[in-house]
Amino acid sequence: MREQELAPGDVLALYTDGITEACNEGGEEFGERCLIDLLRQHRDLPCQALLSAIVDGVQRFSCQEQSDDITAIVAKFRTSG
(Lines give C-alpha, C1' and ligand atoms only; values in the text may rest on other atoms or scores of the structure.)
Protein backbone atom coordinates (compact mmCIF):
# COMPACT_ATOMS: atom_id res chain seq x y z
CA MET A 1 0.00 0.00 0.00
CA ARG A 2 1.03 3.55 -0.59
CA GLU A 3 -0.46 6.99 -0.58
CA GLN A 4 -0.72 9.02 -3.77
CA GLU A 5 -1.67 12.66 -3.86
CA LEU A 6 -4.05 13.57 -6.66
CA ALA A 7 -4.14 16.91 -8.42
CA PRO A 8 -7.01 18.51 -10.34
CA GLY A 9 -7.36 16.79 -13.70
CA ASP A 10 -5.93 13.46 -12.51
CA VAL A 11 -7.78 10.28 -13.41
CA LEU A 12 -7.79 7.27 -11.09
CA ALA A 13 -8.58 3.93 -12.75
CA LEU A 14 -9.06 0.69 -10.83
CA TYR A 15 -9.51 -2.47 -12.86
CA THR A 16 -9.52 -6.25 -12.72
CA ASP A 17 -7.11 -8.49 -14.60
CA GLY A 18 -9.92 -9.39 -17.01
CA ILE A 19 -9.13 -6.12 -18.78
CA THR A 20 -5.36 -6.41 -19.04
CA GLU A 21 -5.37 -10.17 -19.69
CA ALA A 22 -7.95 -10.08 -22.49
CA CYS A 23 -6.34 -11.79 -25.49
CA ASN A 24 -6.63 -11.22 -29.22
CA GLU A 25 -6.65 -13.96 -31.86
CA GLY A 26 -2.85 -14.03 -31.83
CA GLY A 27 -2.74 -14.72 -28.10
CA GLU A 28 -1.44 -11.23 -27.24
CA GLU A 29 -2.79 -9.63 -24.06
CA PHE A 30 -4.42 -6.20 -24.02
CA GLY A 31 -1.99 -5.30 -21.24
CA GLU A 32 -1.40 -2.27 -19.07
CA ARG A 33 0.25 -0.28 -21.89
CA CYS A 34 -2.90 -0.47 -24.05
CA LEU A 35 -5.06 0.46 -21.07
CA ILE A 36 -2.88 3.46 -20.23
CA ASP A 37 -2.89 4.59 -23.86
CA LEU A 38 -6.67 4.29 -23.98
CA LEU A 39 -7.05 6.25 -20.72
CA ARG A 40 -4.79 9.02 -22.02
CA GLN A 41 -6.61 9.16 -25.35
CA HIS A 42 -10.03 9.51 -23.69
CA ARG A 43 -9.11 11.30 -20.44
CA ASP A 44 -11.33 14.32 -21.21
CA LEU A 45 -14.50 12.23 -21.42
CA PRO A 46 -16.92 12.08 -18.47
CA CYS A 47 -16.34 9.06 -16.22
CA GLN A 48 -19.21 6.97 -17.64
CA ALA A 49 -18.07 7.59 -21.23
CA LEU A 50 -14.48 6.78 -20.24
CA LEU A 51 -15.64 3.46 -18.76
CA SER A 52 -17.51 2.71 -22.00
CA ALA A 53 -14.37 3.52 -24.01
CA ILE A 54 -12.38 1.04 -21.89
CA VAL A 55 -14.91 -1.76 -22.34
CA ASP A 56 -15.28 -1.03 -26.07
CA GLY A 57 -11.49 -0.97 -26.50
CA VAL A 58 -11.06 -4.34 -24.79
CA GLN A 59 -13.90 -5.91 -26.77
CA ARG A 60 -12.54 -4.61 -30.09
CA PHE A 61 -9.07 -5.88 -29.18
CA SER A 62 -10.13 -9.36 -28.13
CA CYS A 63 -12.60 -10.17 -30.94
CA GLN A 64 -13.56 -13.29 -28.99
CA GLU A 65 -15.77 -14.18 -26.07
CA GLN A 66 -14.42 -12.72 -22.85
CA SER A 67 -13.16 -15.46 -20.54
CA ASP A 68 -12.94 -13.22 -17.47
CA ASP A 69 -14.85 -10.30 -16.04
CA ILE A 70 -14.29 -6.74 -17.24
CA THR A 71 -14.57 -4.57 -14.16
CA ALA A 72 -13.35 -1.00 -13.80
CA ILE A 73 -13.88 2.06 -11.64
CA VAL A 74 -12.86 5.49 -12.91
CA ALA A 75 -12.70 8.62 -10.77
CA LYS A 76 -11.59 12.11 -11.73
CA PHE A 77 -10.21 14.63 -9.29
CA ARG A 78 -11.49 18.15 -9.66
CA THR A 79 -11.32 21.27 -7.58
CA SER A 80 -14.33 22.19 -5.51
CA GLY A 81 -16.24 25.26 -6.38
# chains A, B, ... in the order shown; residues from 1 in each chain; ligands from 1
$ residues_around --residues "stretch 77-79 of chain A" --least-positions-apart "6" --cutoff "8 Å" --atoms "only C-alpha atoms" --output "list of chain:residue names"
A:Leu6, A:Ala7, A:Pro8, A:Gly9, A:Asp10, A:Val11, A:Leu12
$ select_by_dssp --residues "stretch 1-79 of chain A" --states "strand (DSSP E or B)" --output "MDAnalysis selection string"
chainID A and resid 11:15 23 29 72:76
$ write_last_selection --atoms "all heavy atoms" --output "PDB file, in the first residue's frame"
ATOM      1  N   VAL A  11      -6.801  11.344 -13.247  1.00  0.00           N
ATOM      2  CA  VAL A  11      -7.784  10.277 -13.411  1.00  0.00           C
ATOM      3  C   VAL A  11      -7.269   9.052 -12.665  1.00  0.00           C
ATOM      4  O   VAL A  11      -6.131   8.647 -12.835  1.00  0.00           O
ATOM      5  CB  VAL A  11      -7.984   9.924 -14.903  1.00  0.00           C
ATOM      6  CG1 VAL A  11      -8.928   8.744 -15.060  1.00  0.00           C
ATOM      7  CG2 VAL A  11      -8.499  11.131 -15.678  1.00  0.00           C
ATOM      8  N   LEU A  12      -8.112   8.491 -11.821  1.00  0.00           N
ATOM      9  CA  LEU A  12      -7.786   7.266 -11.094  1.00  0.00           C
ATOM     10  C   LEU A  12      -8.592   6.138 -11.718  1.00  0.00           C
ATOM     11  O   LEU A  12      -9.817   6.233 -11.831  1.00  0.00           O
ATOM     12  CB  LEU A  12      -8.148   7.415  -9.615  1.00  0.00           C
ATOM     13  CG  LEU A  12      -7.997   6.165  -8.747  1.00  0.00           C
ATOM     14  CD1 LEU A  12      -6.529   5.779  -8.622  1.00  0.00           C
ATOM     15  CD2 LEU A  12      -8.614   6.392  -7.381  1.00  0.00           C
ATOM     16  N   ALA A  13      -7.905   5.091 -12.147  1.00  0.00           N
ATOM     17  CA  ALA A  13      -8.580   3.933 -12.749  1.00  0.00           C
ATOM     18  C   ALA A  13      -8.214   2.684 -11.968  1.00  0.00           C
ATOM     19  O   ALA A  13      -7.037   2.381 -11.780  1.00  0.00           O
ATOM     20  CB  ALA A  13      -8.178   3.784 -14.206  1.00  0.00           C
ATOM     21  N   LEU A  14      -9.220   1.982 -11.499  1.00  0.00           N
ATOM     22  CA  LEU A  14      -9.060   0.693 -10.830  1.00  0.00           C
ATOM     23  C   LEU A  14      -9.690  -0.348 -11.746  1.00  0.00           C
ATOM     24  O   LEU A  14     -10.760  -0.114 -12.309  1.00  0.00           O
ATOM     25  CB  LEU A  14      -9.762   0.704  -9.473  1.00  0.00           C
ATOM     26  CG  LEU A  14      -9.397   1.857  -8.540  1.00  0.00           C
ATOM     27  CD1 LEU A  14     -10.299   1.850  -7.309  1.00  0.00           C
ATOM     28  CD2 LEU A  14      -7.944   1.772  -8.137  1.00  0.00           C
ATOM     29  N   TYR A  15      -9.030  -1.492 -11.893  1.00  0.00           N
ATOM     30  CA  TYR A  15      -9.515  -2.469 -12.859  1.00  0.00           C
ATOM     31  C   TYR A  15      -9.116  -3.878 -12.443  1.00  0.00           C
ATOM     32  O   TYR A  15      -8.167  -4.072 -11.689  1.00  0.00           O
ATOM     33  CB  TYR A  15      -8.959  -2.160 -14.255  1.00  0.00           C
ATOM     34  CG  TYR A  15      -7.450  -2.119 -14.276  1.00  0.00           C
ATOM     35  CD1 TYR A  15      -6.712  -3.258 -14.560  1.00  0.00           C
ATOM     36  CD2 TYR A  15      -6.760  -0.957 -13.981  1.00  0.00           C
ATOM     37  CE1 TYR A  15      -5.325  -3.237 -14.547  1.00  0.00           C
ATOM     38  CE2 TYR A  15      -5.376  -0.915 -13.976  1.00  0.00           C
ATOM     39  CZ  TYR A  15      -4.671  -2.061 -14.265  1.00  0.00           C
ATOM     40  OH  TYR A  15      -3.299  -2.039 -14.254  1.00  0.00           O
ATOM     41  N   CYS A  23      -7.237 -11.411 -24.394  1.00  0.00           N
ATOM     42  CA  CYS A  23      -6.335 -11.795 -25.493  1.00  0.00           C
ATOM     43  C   CYS A  23      -6.992 -11.613 -26.860  1.00  0.00           C
ATOM     44  O   CYS A  23      -8.192 -11.796 -27.012  1.00  0.00           O
ATOM     45  CB  CYS A  23      -5.932 -13.261 -25.354  1.00  0.00           C
ATOM     46  SG  CYS A  23      -4.857 -13.577 -23.960  1.00  0.00           S
ATOM     47  N   GLU A  29      -1.938 -10.235 -25.076  1.00  0.00           N
ATOM     48  CA  GLU A  29      -2.793  -9.628 -24.059  1.00  0.00           C
ATOM     49  C   GLU A  29      -2.971  -8.135 -24.321  1.00  0.00           C
ATOM     50  O   GLU A  29      -2.075  -7.472 -24.844  1.00  0.00           O
ATOM     51  CB  GLU A  29      -2.193  -9.832 -22.666  1.00  0.00           C
ATOM     52  CG  GLU A  29      -2.262 -11.261 -22.190  1.00  0.00           C
ATOM     53  CD  GLU A  29      -1.822 -11.423 -20.749  1.00  0.00           C
ATOM     54  OE1 GLU A  29      -1.255 -10.485 -20.158  1.00  0.00           O
ATOM     55  OE2 GLU A  29      -2.055 -12.521 -20.203  1.00  0.00           O
ATOM     56  N   ALA A  72     -14.188  -2.183 -13.960  1.00  0.00           N
ATOM     57  CA  ALA A  72     -13.351  -0.997 -13.804  1.00  0.00           C
ATOM     58  C   ALA A  72     -14.111   0.073 -13.033  1.00  0.00           C
ATOM     59  O   ALA A  72     -15.336   0.147 -13.090  1.00  0.00           O
ATOM     60  CB  ALA A  72     -12.914  -0.460 -15.157  1.00  0.00           C
ATOM     61  N   ILE A  73     -13.357   0.880 -12.330  1.00  0.00           N
ATOM     62  CA  ILE A  73     -13.875   2.060 -11.642  1.00  0.00           C
ATOM     63  C   ILE A  73     -12.991   3.215 -12.082  1.00  0.00           C
ATOM     64  O   ILE A  73     -11.767   3.104 -12.071  1.00  0.00           O
ATOM     65  CB  ILE A  73     -13.792   1.904 -10.112  1.00  0.00           C
ATOM     66  CG1 ILE A  73     -14.659   0.736  -9.650  1.00  0.00           C
ATOM     67  CG2 ILE A  73     -14.203   3.207  -9.416  1.00  0.00           C
ATOM     68  CD1 ILE A  73     -14.448   0.371  -8.185  1.00  0.00           C
ATOM     69  N   VAL A  74     -13.614   4.312 -12.488  1.00  0.00           N
ATOM     70  CA  VAL A  74     -12.861   5.491 -12.908  1.00  0.00           C
ATOM     71  C   VAL A  74     -13.335   6.674 -12.065  1.00  0.00           C
ATOM     72  O   VAL A  74     -14.534   6.878 -11.887  1.00  0.00           O
ATOM     73  CB  VAL A  74     -13.083   5.792 -14.406  1.00  0.00           C
ATOM     74  CG1 VAL A  74     -12.422   7.099 -14.786  1.00  0.00           C
ATOM     75  CG2 VAL A  74     -12.558   4.668 -15.255  1.00  0.00           C
ATOM     76  N   ALA A  75     -12.385   7.417 -11.541  1.00  0.00           N
ATOM     77  CA  ALA A  75     -12.696   8.624 -10.773  1.00  0.00           C
ATOM     78  C   ALA A  75     -11.804   9.747 -11.269  1.00  0.00           C
ATOM     79  O   ALA A  75     -10.644   9.530 -11.619  1.00  0.00           O
ATOM     80  CB  ALA A  75     -12.470   8.393  -9.287  1.00  0.00           C
ATOM     81  N   LYS A  76     -12.360  10.937 -11.315  1.00  0.00           N
ATOM     82  CA  LYS A  76     -11.586  12.113 -11.729  1.00  0.00           C
ATOM     83  C   LYS A  76     -11.542  13.083 -10.563  1.00  0.00           C
ATOM     84  O   LYS A  76     -12.539  13.303  -9.882  1.00  0.00           O
ATOM     85  CB  LYS A  76     -12.243  12.789 -12.932  1.00  0.00           C
ATOM     86  CG  LYS A  76     -12.163  11.969 -14.179  1.00  0.00           C
ATOM     87  CD  LYS A  76     -12.723  12.743 -15.331  1.00  0.00           C
ATOM     88  CE  LYS A  76     -12.375  12.071 -16.624  1.00  0.00           C
ATOM     89  NZ  LYS A  76     -12.646  12.947 -17.760  1.00  0.00           N
TER      90      LYS A  76
END
$ closest_residue --among "A:Ala22, A:Leu35, A:Leu51, A:Leu45" --to "A:Asp69" --atoms "only C-alpha atoms"
A:Ala22
$ closest_residue --among "A:Asp17, A:Pro46, A:Asp56, A:Asp68" --to "A:Glu32" --atoms "only C-alpha atoms"
A:Asp17
$ atom_distance --atom1 "atom CA of A:Thr71" --atom2 "atom CA of A:Glu21"
12.1 Å
$ closest_residue --among "A:Gln48, A:Gln4, A:Gln59, A:Gln41" --to "A:Asn24" --atoms "only C-alpha atoms"
A:Gln59
$ select_by_dssp --residues "chain A" --states "helix (DSSP H, G or I)" --output "MDAnalysis selection string"
chainID A and resid 17:20 31:41 47:62
$ residues_around --residues "A:Asp37" --least-positions-apart "5" --cutoff "12 Å" --atoms "only C-alpha atoms" --output "JSON, numbers by chain"
{"A": [30, 31, 32, 42, 43, 53, 54, 57]}
$ write_last_selection --atoms "N, CA, C and O atoms" --output "PDB file, in the first residue's frame"
ATOM      1  N   PHE A  30      -4.127  -7.635 -23.924  1.00  0.00           N
ATOM      2  CA  PHE A  30      -4.417  -6.205 -24.020  1.00  0.00           C
ATOM      3  C   PHE A  30      -3.352  -5.437 -23.241  1.00  0.00           C
ATOM      4  O   PHE A  30      -2.787  -4.473 -23.735  1.00  0.00           O
ATOM      5  N   GLY A  31      -3.091  -5.827 -22.025  1.00  0.00           N
ATOM      6  CA  GLY A  31      -1.987  -5.301 -21.236  1.00  0.00           C
ATOM      7  C   GLY A  31      -2.201  -3.911 -20.655  1.00  0.00           C
ATOM      8  O   GLY A  31      -3.112  -3.185 -21.031  1.00  0.00           O
ATOM      9  N   GLU A  32      -1.335  -3.573 -19.734  1.00  0.00           N
ATOM     10  CA  GLU A  32      -1.404  -2.268 -19.068  1.00  0.00           C
ATOM     11  C   GLU A  32      -1.080  -1.132 -20.026  1.00  0.00           C
ATOM     12  O   GLU A  32      -1.651  -0.053 -19.930  1.00  0.00           O
ATOM     13  N   HIS A  42      -8.646   9.144 -24.008  1.00  0.00           N
ATOM     14  CA  HIS A  42     -10.034   9.514 -23.688  1.00  0.00           C
ATOM     15  C   HIS A  42     -10.176  10.224 -22.339  1.00  0.00           C
ATOM     16  O   HIS A  42     -11.282  10.322 -21.810  1.00  0.00           O
ATOM     17  N   ARG A  43      -9.103  10.734 -21.778  1.00  0.00           N
ATOM     18  CA  ARG A  43      -9.105  11.302 -20.438  1.00  0.00           C
ATOM     19  C   ARG A  43     -10.074  12.474 -20.252  1.00  0.00           C
ATOM     20  O   ARG A  43     -10.517  12.755 -19.146  1.00  0.00           O
ATOM     21  N   ALA A  53     -15.506   3.570 -23.089  1.00  0.00           N
ATOM     22  CA  ALA A  53     -14.370   3.518 -24.013  1.00  0.00           C
ATOM     23  C   ALA A  53     -13.420   2.379 -23.641  1.00  0.00           C
ATOM     24  O   ALA A  53     -12.879   1.703 -24.520  1.00  0.00           O
ATOM     25  N   ILE A  54     -13.233   2.151 -22.341  1.00  0.00           N
ATOM     26  CA  ILE A  54     -12.380   1.041 -21.892  1.00  0.00           C
ATOM     27  C   ILE A  54     -12.979  -0.293 -22.317  1.00  0.00           C
ATOM     28  O   ILE A  54     -12.309  -1.125 -22.921  1.00  0.00           O
ATOM     29  N   GLY A  57     -12.857  -0.720 -26.060  1.00  0.00           N
ATOM     30  CA  GLY A  57     -11.492  -0.975 -26.504  1.00  0.00           C
ATOM     31  C   GLY A  57     -11.064  -2.411 -26.267  1.00  0.00           C
ATOM     32  O   GLY A  57     -10.452  -3.039 -27.136  1.00  0.00           O
TER      33      GLY A  57
END
